[in-house]
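Source file: coords23.pdb. Holds: PDB, C-alpha atoms.
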```pdb
ATOM      1  CA  MET A   1      -0.469  12.519 -11.161
ATOM      2  CA  LYS A   2       1.082   9.310 -12.386
ATOM      3  CA  MET A   3       2.538   8.171 -15.710
ATOM      4  CA  ALA A   4       3.689   4.587 -16.183
ATOM      5  CA  ILE A   5       4.712   2.073 -18.830
ATOM      6  CA  GLN A   6       3.616  -1.497 -18.251
ATOM      7  CA  GLN A   7       4.285  -4.832 -19.953
ATOM      8  CA  GLY A   8       1.260  -6.422 -21.667
ATOM      9  CA  GLY A   9      -2.426  -5.507 -21.912
ATOM     10  CA  LEU A  10      -3.807  -3.175 -19.241
ATOM     11  CA  ASP A  11      -6.590  -3.509 -16.676
ATOM     12  CA  MET A  12      -8.545  -0.254 -16.683
ATOM     13  CA  ALA A  13      -9.954  -0.747 -13.186
ATOM     14  CA  ALA A  14      -6.480  -1.265 -11.716
ATOM     15  CA  VAL A  15      -5.046   1.780 -13.507
ATOM     16  CA  THR A  16      -7.805   4.090 -12.280
ATOM     17  CA  ALA A  17      -8.242   2.664  -8.755
ATOM     18  CA  SER A  18      -6.239   5.509  -7.226
ATOM     19  CA  LEU A  19      -8.561   8.172  -8.651
ATOM     20  CA  GLN A  20     -10.626   8.721  -5.501
ATOM     21  CA  ASP A  21     -11.554  12.161  -4.227
ATOM     22  CA  ASP A  22     -14.844  13.068  -2.540
ATOM     23  CA  ARG A  23     -14.661  16.574  -3.994
ATOM     24  CA  CYS A  24     -14.887  15.171  -7.535
ATOM     25  CA  GLY A  25     -18.208  14.744  -9.275
ATOM     26  CA  ALA A  26     -16.618  13.609 -12.540
ATOM     27  CA  ALA A  27     -14.330  10.755 -13.520
ATOM     28  CA  VAL A  28     -13.480  10.442 -17.226
ATOM     29  CA  VAL A  29     -11.609   7.346 -18.375
ATOM     30  CA  PHE A  30     -10.340   6.731 -21.899
ATOM     31  CA  GLU A  31      -9.317   3.204 -22.874
ATOM     32  CA  GLY A  32      -7.398   2.714 -26.128
ATOM     33  CA  ARG A  33      -7.828  -0.812 -27.513
ATOM     34  CA  VAL A  34      -6.085  -2.815 -30.221
ATOM     35  CA  ARG A  35      -8.407  -2.905 -33.239
ATOM     36  CA  ASN A  36      -8.450  -5.521 -35.954
ATOM     37  CA  HIS A  37      -7.932  -3.177 -38.897
ATOM     38  CA  ASN A  38      -5.856  -0.166 -39.877
ATOM     39  CA  GLU A  39      -5.888   1.777 -43.139
ATOM     40  CA  GLY A  40      -7.783  -0.941 -44.943
ATOM     41  CA  ARG A  41      -5.635  -3.852 -43.765
ATOM     42  CA  ASP A  42      -6.674  -6.660 -41.431
ATOM     43  CA  VAL A  43      -4.548  -6.564 -38.292
ATOM     44  CA  THR A  44      -3.941  -9.707 -36.220
ATOM     45  CA  GLY A  45      -2.063  -8.118 -33.310
ATOM     46  CA  LEU A  46       0.724  -5.713 -32.544
ATOM     47  CA  GLU A  47       3.795  -4.909 -30.527
ATOM     48  CA  TYR A  48       4.589  -1.678 -28.712
ATOM     49  CA  GLU A  49       8.128  -0.570 -27.979
ATOM     50  CA  ALA A  50       9.003   2.430 -25.818
ATOM     51  CA  HIS A  51      12.025   4.301 -24.615
ATOM     52  CA  GLU A  52      10.731   3.956 -21.116
ATOM     53  CA  PRO A  53      12.598   6.690 -19.182
ATOM     54  CA  LEU A  54      11.760   9.366 -21.753
ATOM     55  CA  ALA A  55       8.204   8.101 -22.276
ATOM     56  CA  VAL A  56       7.575   8.400 -18.541
ATOM     57  CA  SER A  57       9.220  11.811 -18.171
ATOM     58  CA  GLU A  58       7.446  13.242 -21.246
ATOM     59  CA  GLY A  59       4.149  11.731 -20.046
ATOM     60  CA  GLU A  60       4.614  13.435 -16.678
ATOM     61  CA  VAL A  61       5.120  16.736 -18.518
ATOM     62  CA  VAL A  62       1.830  16.175 -20.403
ATOM     63  CA  LEU A  63      -0.062  15.439 -17.173
ATOM     64  CA  ALA A  64       1.398  18.539 -15.522
ATOM     65  CA  GLU A  65       0.396  20.660 -18.529
ATOM     66  CA  ALA A  66      -3.175  19.344 -18.256
ATOM     67  CA  ALA A  67      -3.263  20.177 -14.538
ATOM     68  CA  ARG A  68      -2.130  23.726 -15.308
ATOM     69  CA  ARG A  69      -4.742  24.257 -18.029
ATOM     70  CA  TRP A  70      -7.785  22.741 -16.297
ATOM     71  CA  PRO A  71      -8.847  22.656 -12.624
ATOM     72  CA  ILE A  72      -8.654  18.856 -12.338
ATOM     73  CA  ARG A  73      -7.888  17.058  -9.085
ATOM     74  CA  ASP A  74      -5.855  14.116 -10.390
ATOM     75  CA  ALA A  75      -4.895  12.290 -13.582
ATOM     76  CA  VAL A  76      -3.180   9.033 -14.501
ATOM     77  CA  CYS A  77      -1.918   7.510 -17.731
ATOM     78  CA  VAL A  78      -0.507   4.033 -18.305
ATOM     79  CA  HIS A  79       0.708   2.810 -21.702
ATOM     80  CA  ALA A  80       1.367  -0.825 -22.534
ATOM     81  CA  VAL A  81       4.483  -2.254 -24.201
ATOM     82  CA  GLY A  82       5.122  -5.732 -25.585
ATOM     83  CA  THR A  83       2.867  -7.991 -27.633
ATOM     84  CA  LEU A  84      -0.877  -7.233 -27.548
ATOM     85  CA  GLU A  85      -3.769  -9.157 -29.041
ATOM     86  CA  ILE A  86      -6.850  -7.716 -30.711
ATOM     87  CA  GLY A  87      -9.112  -6.157 -28.072
ATOM     88  CA  ALA A  88      -6.335  -5.733 -25.510
ATOM     89  CA  VAL A  89      -6.099  -2.388 -23.739
ATOM     90  CA  ALA A  90      -3.028  -0.478 -24.940
ATOM     91  CA  VAL A  91      -3.454   2.806 -23.094
ATOM     92  CA  VAL A  92      -5.596   4.148 -20.261
ATOM     93  CA  VAL A  93      -6.087   7.819 -19.348
ATOM     94  CA  GLY A  94      -8.096   8.691 -16.251
ATOM     95  CA  VAL A  95      -8.979  12.172 -14.990
ATOM     96  CA  ILE A  96     -11.067  13.297 -12.029
ATOM     97  CA  GLY A  97     -12.432  16.788 -11.405
ATOM     98  CA  ASP A  98     -15.162  18.572  -9.552
ATOM     99  CA  HIS A  99     -17.162  18.890 -12.787
ATOM    100  CA  ARG A 100     -17.340  16.989 -16.063
ATOM    101  CA  GLY A 101     -16.267  19.828 -18.367
ATOM    102  CA  GLU A 102     -12.681  20.038 -17.203
ATOM    103  CA  ALA A 103     -12.402  16.258 -16.827
ATOM    104  CA  PHE A 104     -13.498  15.602 -20.432
ATOM    105  CA  GLU A 105     -11.300  18.332 -21.873
ATOM    106  CA  ALA A 106      -8.221  17.357 -19.885
ATOM    107  CA  ALA A 107      -8.628  13.659 -20.765
ATOM    108  CA  ARG A 108      -8.880  14.509 -24.479
ATOM    109  CA  PHE A 109      -5.806  16.723 -24.259
ATOM    110  CA  ILE A 110      -3.784  14.063 -22.436
ATOM    111  CA  ILE A 111      -4.495  11.211 -24.874
ATOM    112  CA  ASP A 112      -3.846  13.446 -27.910
ATOM    113  CA  GLU A 113      -0.502  14.647 -26.533
ATOM    114  CA  ILE A 114       0.507  11.158 -25.371
ATOM    115  CA  LYS A 115      -0.003   9.839 -28.901
ATOM    116  CA  ALA A 116       1.942  12.699 -30.484
ATOM    117  CA  ARG A 117       4.857  13.183 -28.103
ATOM    118  CA  LEU A 118       5.886  10.047 -26.229
ATOM    119  CA  PRO A 119       8.671   7.851 -27.680
ATOM    120  CA  ILE A 120       6.437   4.815 -28.180
ATOM    121  CA  TRP A 121       6.269   2.816 -31.414
ATOM    122  CA  LYS A 122       3.786   0.328 -32.812
ATOM    123  CA  ARG A 123       4.535  -2.620 -35.071
ATOM    124  CA  GLU A 124       1.419  -4.124 -36.638
ATOM    125  CA  HIS A 125       1.000  -7.732 -37.747
ATOM    126  CA  TYR A 126      -1.215  -8.242 -40.801
ATOM    127  CA  VAL A 127      -3.206 -11.060 -42.303
ATOM    128  CA  ASP A 128      -1.826 -10.340 -45.777
ATOM    129  CA  GLY A 129       1.862  -9.572 -45.303
ATOM    130  CA  PRO A 130       4.857  -9.005 -43.048
ATOM    131  CA  ALA A 131       4.666  -6.865 -39.913
ATOM    132  CA  GLU A 132       5.393  -3.137 -40.307
ATOM    133  CA  TRP A 133       6.223  -0.219 -38.025
ATOM    134  CA  VAL A 134       3.367   2.285 -38.151
ATOM    135  CA  ASN A 135       4.211   5.735 -39.637
ATOM    136  CA  CYS A 136       7.584   4.550 -40.935
ATOM    137  CA  GLN A 137       6.990   3.564 -44.527
ATOM    138  CA  ARG A 138       9.732   4.423 -46.965
ATOM    139  CA  PRO A 139       8.493   7.043 -49.435
ATOM    140  CA  VAL A 140       7.915   5.763 -52.958
ATOM    141  CA  ILE A 141      10.285   7.518 -55.349
ATOM    142  CA  ASP A 142       9.026   7.822 -58.935
TER
ATOM    143  CA  MET G   1      37.106  14.050 -34.661
ATOM    144  CA  HIS G   2      35.079  12.880 -31.700
ATOM    145  CA  SER G   3      33.250   9.779 -30.543
ATOM    146  CA  ILE G   4      29.458   9.742 -30.590
ATOM    147  CA  GLN G   5      27.461   6.780 -29.342
ATOM    148  CA  VAL G   6      24.367   6.354 -31.519
ATOM    149  CA  ARG G   7      21.334   4.245 -30.598
ATOM    150  CA  PHE G   8      18.531   3.322 -32.977
ATOM    151  CA  PHE G   9      14.976   2.484 -31.899
ATOM    152  CA  ALA G  10      12.061   0.597 -33.460
ATOM    153  CA  ALA G  11      12.003   1.086 -37.259
ATOM    154  CA  PHE G  12      15.412   2.794 -37.223
ATOM    155  CA  ARG G  13      16.932  -0.292 -35.611
ATOM    156  CA  GLU G  14      15.399  -2.406 -38.356
ATOM    157  CA  PHE G  15      16.588  -0.105 -41.159
ATOM    158  CA  ALA G  16      20.118   0.100 -39.740
ATOM    159  CA  GLY G  17      20.278  -3.596 -38.889
ATOM    160  CA  THR G  18      21.742  -2.782 -35.483
ATOM    161  CA  ASP G  19      20.628  -1.058 -32.295
ATOM    162  CA  ALA G  20      23.802   0.934 -31.721
ATOM    163  CA  VAL G  21      26.982   2.192 -33.347
ATOM    164  CA  LEU G  22      29.985   4.146 -32.075
ATOM    165  CA  LEU G  23      30.866   6.826 -34.622
ATOM    166  CA  GLU G  24      34.221   8.553 -34.975
ATOM    167  CA  THR G  25      33.051  11.710 -36.696
ATOM    168  CA  ASP G  26      33.515  15.445 -37.092
ATOM    169  CA  ALA G  27      29.712  15.922 -36.902
ATOM    170  CA  GLU G  28      28.760  19.174 -35.194
ATOM    171  CA  THR G  29      25.007  18.637 -34.833
ATOM    172  CA  VAL G  30      22.531  15.794 -34.432
ATOM    173  CA  ASP G  31      21.643  16.316 -38.088
ATOM    174  CA  ASP G  32      25.294  15.765 -39.068
ATOM    175  CA  VAL G  33      25.359  12.581 -36.984
ATOM    176  CA  PHE G  34      22.340  11.214 -38.861
ATOM    177  CA  GLU G  35      23.999  12.101 -42.190
ATOM    178  CA  ALA G  36      27.049  10.115 -41.087
ATOM    179  CA  CYS G  37      24.767   7.196 -40.239
ATOM    180  CA  LEU G  38      23.178   7.383 -43.701
ATOM    181  CA  GLN G  39      26.634   6.830 -45.208
ATOM    182  CA  GLN G  40      27.186   3.790 -43.038
ATOM    183  CA  PHE G  41      23.699   2.245 -43.255
ATOM    184  CA  PRO G  42      22.300   2.459 -46.793
ATOM    185  CA  ARG G  43      18.819   1.206 -45.801
ATOM    186  CA  LEU G  44      18.404   3.968 -43.249
ATOM    187  CA  PHE G  45      16.198   6.952 -44.099
ATOM    188  CA  ARG G  46      14.541   9.725 -42.142
ATOM    189  CA  PRO G  47      10.731   9.791 -42.129
ATOM    190  CA  GLU G  48       9.063  13.111 -41.350
ATOM    191  CA  ALA G  49       8.397  13.690 -37.666
ATOM    192  CA  SER G  50      11.343  11.615 -36.485
ATOM    193  CA  LEU G  51      12.558  12.699 -33.034
ATOM    194  CA  VAL G  52      15.941  12.805 -31.340
ATOM    195  CA  ALA G  53      17.362  12.790 -27.846
ATOM    196  CA  VAL G  54      20.862  13.601 -26.629
ATOM    197  CA  ASN G  55      22.108  12.115 -23.375
ATOM    198  CA  GLU G  56      18.604  10.938 -22.401
ATOM    199  CA  LYS G  57      16.946  14.321 -23.015
ATOM    200  CA  MET G  58      14.681  15.224 -25.920
ATOM    201  CA  ALA G  59      16.636  17.415 -28.356
ATOM    202  CA  ASP G  60      16.457  18.975 -31.828
ATOM    203  CA  TRP G  61      18.104  18.085 -35.107
ATOM    204  CA  SER G  62      20.149  21.277 -34.745
ATOM    205  CA  THR G  63      21.385  20.403 -31.230
ATOM    206  CA  ALA G  64      25.190  20.516 -31.026
ATOM    207  CA  VAL G  65      27.024  17.304 -30.167
ATOM    208  CA  ARG G  66      30.270  16.883 -28.264
ATOM    209  CA  ASN G  67      32.774  14.123 -27.746
ATOM    210  CA  GLY G  68      31.234  11.368 -25.614
ATOM    211  CA  ASP G  69      27.603  12.305 -26.276
ATOM    212  CA  GLU G  70      24.957   9.643 -26.765
ATOM    213  CA  VAL G  71      22.463  10.397 -29.558
ATOM    214  CA  LEU G  72      19.157   8.509 -29.697
ATOM    215  CA  PHE G  73      17.224   8.381 -32.968
ATOM    216  CA  PHE G  74      13.466   7.889 -32.615
ATOM    217  CA  PRO G  75      11.311   7.189 -35.685
ATOM    218  CA  PRO G  76       7.855   8.821 -35.830
ATOM    219  CA  VAL G  77       5.975   7.893 -32.687
ATOM    220  CA  ALA G  78       2.798   5.812 -32.766
ATOM    221  CA  GLY G  79       1.543   5.399 -29.242
ATOM    222  CA  GLY G  80      -2.063   5.014 -28.181
TER
END
```

Structure re-expressed in structure tokens:
Amino acid sequence: MKMAIQQGGLDMAAVTASLQDDRCGAAVVFEGRVRNHNEGRDVTGLEYEAHEPLAVSEGEVVLAEAARRWPIRDAVCVHAVGTLEIGAVAVVVGVIGDHRGEAFEAARFIIDEIKARLPIWKREHYVDGPAEWVNCQRPVID
Amino acid sequence: MHSIQVRFFAAFREFAGTDAVLLETDAETVDDVFEACLQQFPRLFRPEASLVAVNEKMADWSTAVRNGDEVLFFPPVAGG
């Protein structure tokens, strides 16, 4: 099991190279990429910021939870920080298991929990206005 | 009164206009510390799902604080 934070866009093959086990008939890899739109706005790129020690320790907790819930053999997750262009790989989750069922389910669990729990923030750059932190808009008071 | 080191991350840093402040406060909980910050930084606000850590460990808004503690304020996360 390995959780890491890395500067700049990720290389999926490098992240998942360690996932080798002859007992495993399934390898599931999820790659999260920077898309060019969000909530109706054109996005030109973004920045990720993380509190690295806590992002790594919380990510390790997520991987351990997945290993308890499903009979997987190994799992890795790497999340990018810094400036990323459209199409760059921002996060990679890789899981190997004897069979595909547990590998798919564990990979889905890991990416969902990573997105919800790790202290990582995204600042989007837009075509039509100044950059904004995602999920941090001030409520409009009538 | 006690000293609490506060650190702001991401959007919180932008709202506060600084990444850290040393508070002399009688705050008893993390929630009290944030209230004290609101007095000092008028542009600061607390979006739903904001997270906190005390001394490099994830904590709750009701977590008690003591003299010398470091409180980290994390705005809503957006990884992935």

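Of the listed residues (A:Pro119, A:Gly45, A:Gly129, A:Gly8), A:Gly45 comes nearest to A:Ile86; the distances count only C-alpha atoms.
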
Residues within 9 Å of stretch 44-58 of chain G, only C-alpha atoms, excluding chain neighbours under 5 positions, as a ChimeraX atom specification: /A:53-54,58,119,135-139 /G:12-17,30,34,37-39,63,65,69-77

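Near chain A, counting only C-alpha atoms at 6 Å, the chain G residues are Ala11, Val77, Ala78, Gly79 and Gly80 of chain G.
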
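Taking atom CA of A:Ile110 and atom CA of A:Asn38 as the two end points, the separation is 22.6 Å.
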
Between atom CA of A:Ala66 and atom CA of A:Val29, what is the distance in Å, rounded to a tenth? 14.7 Å
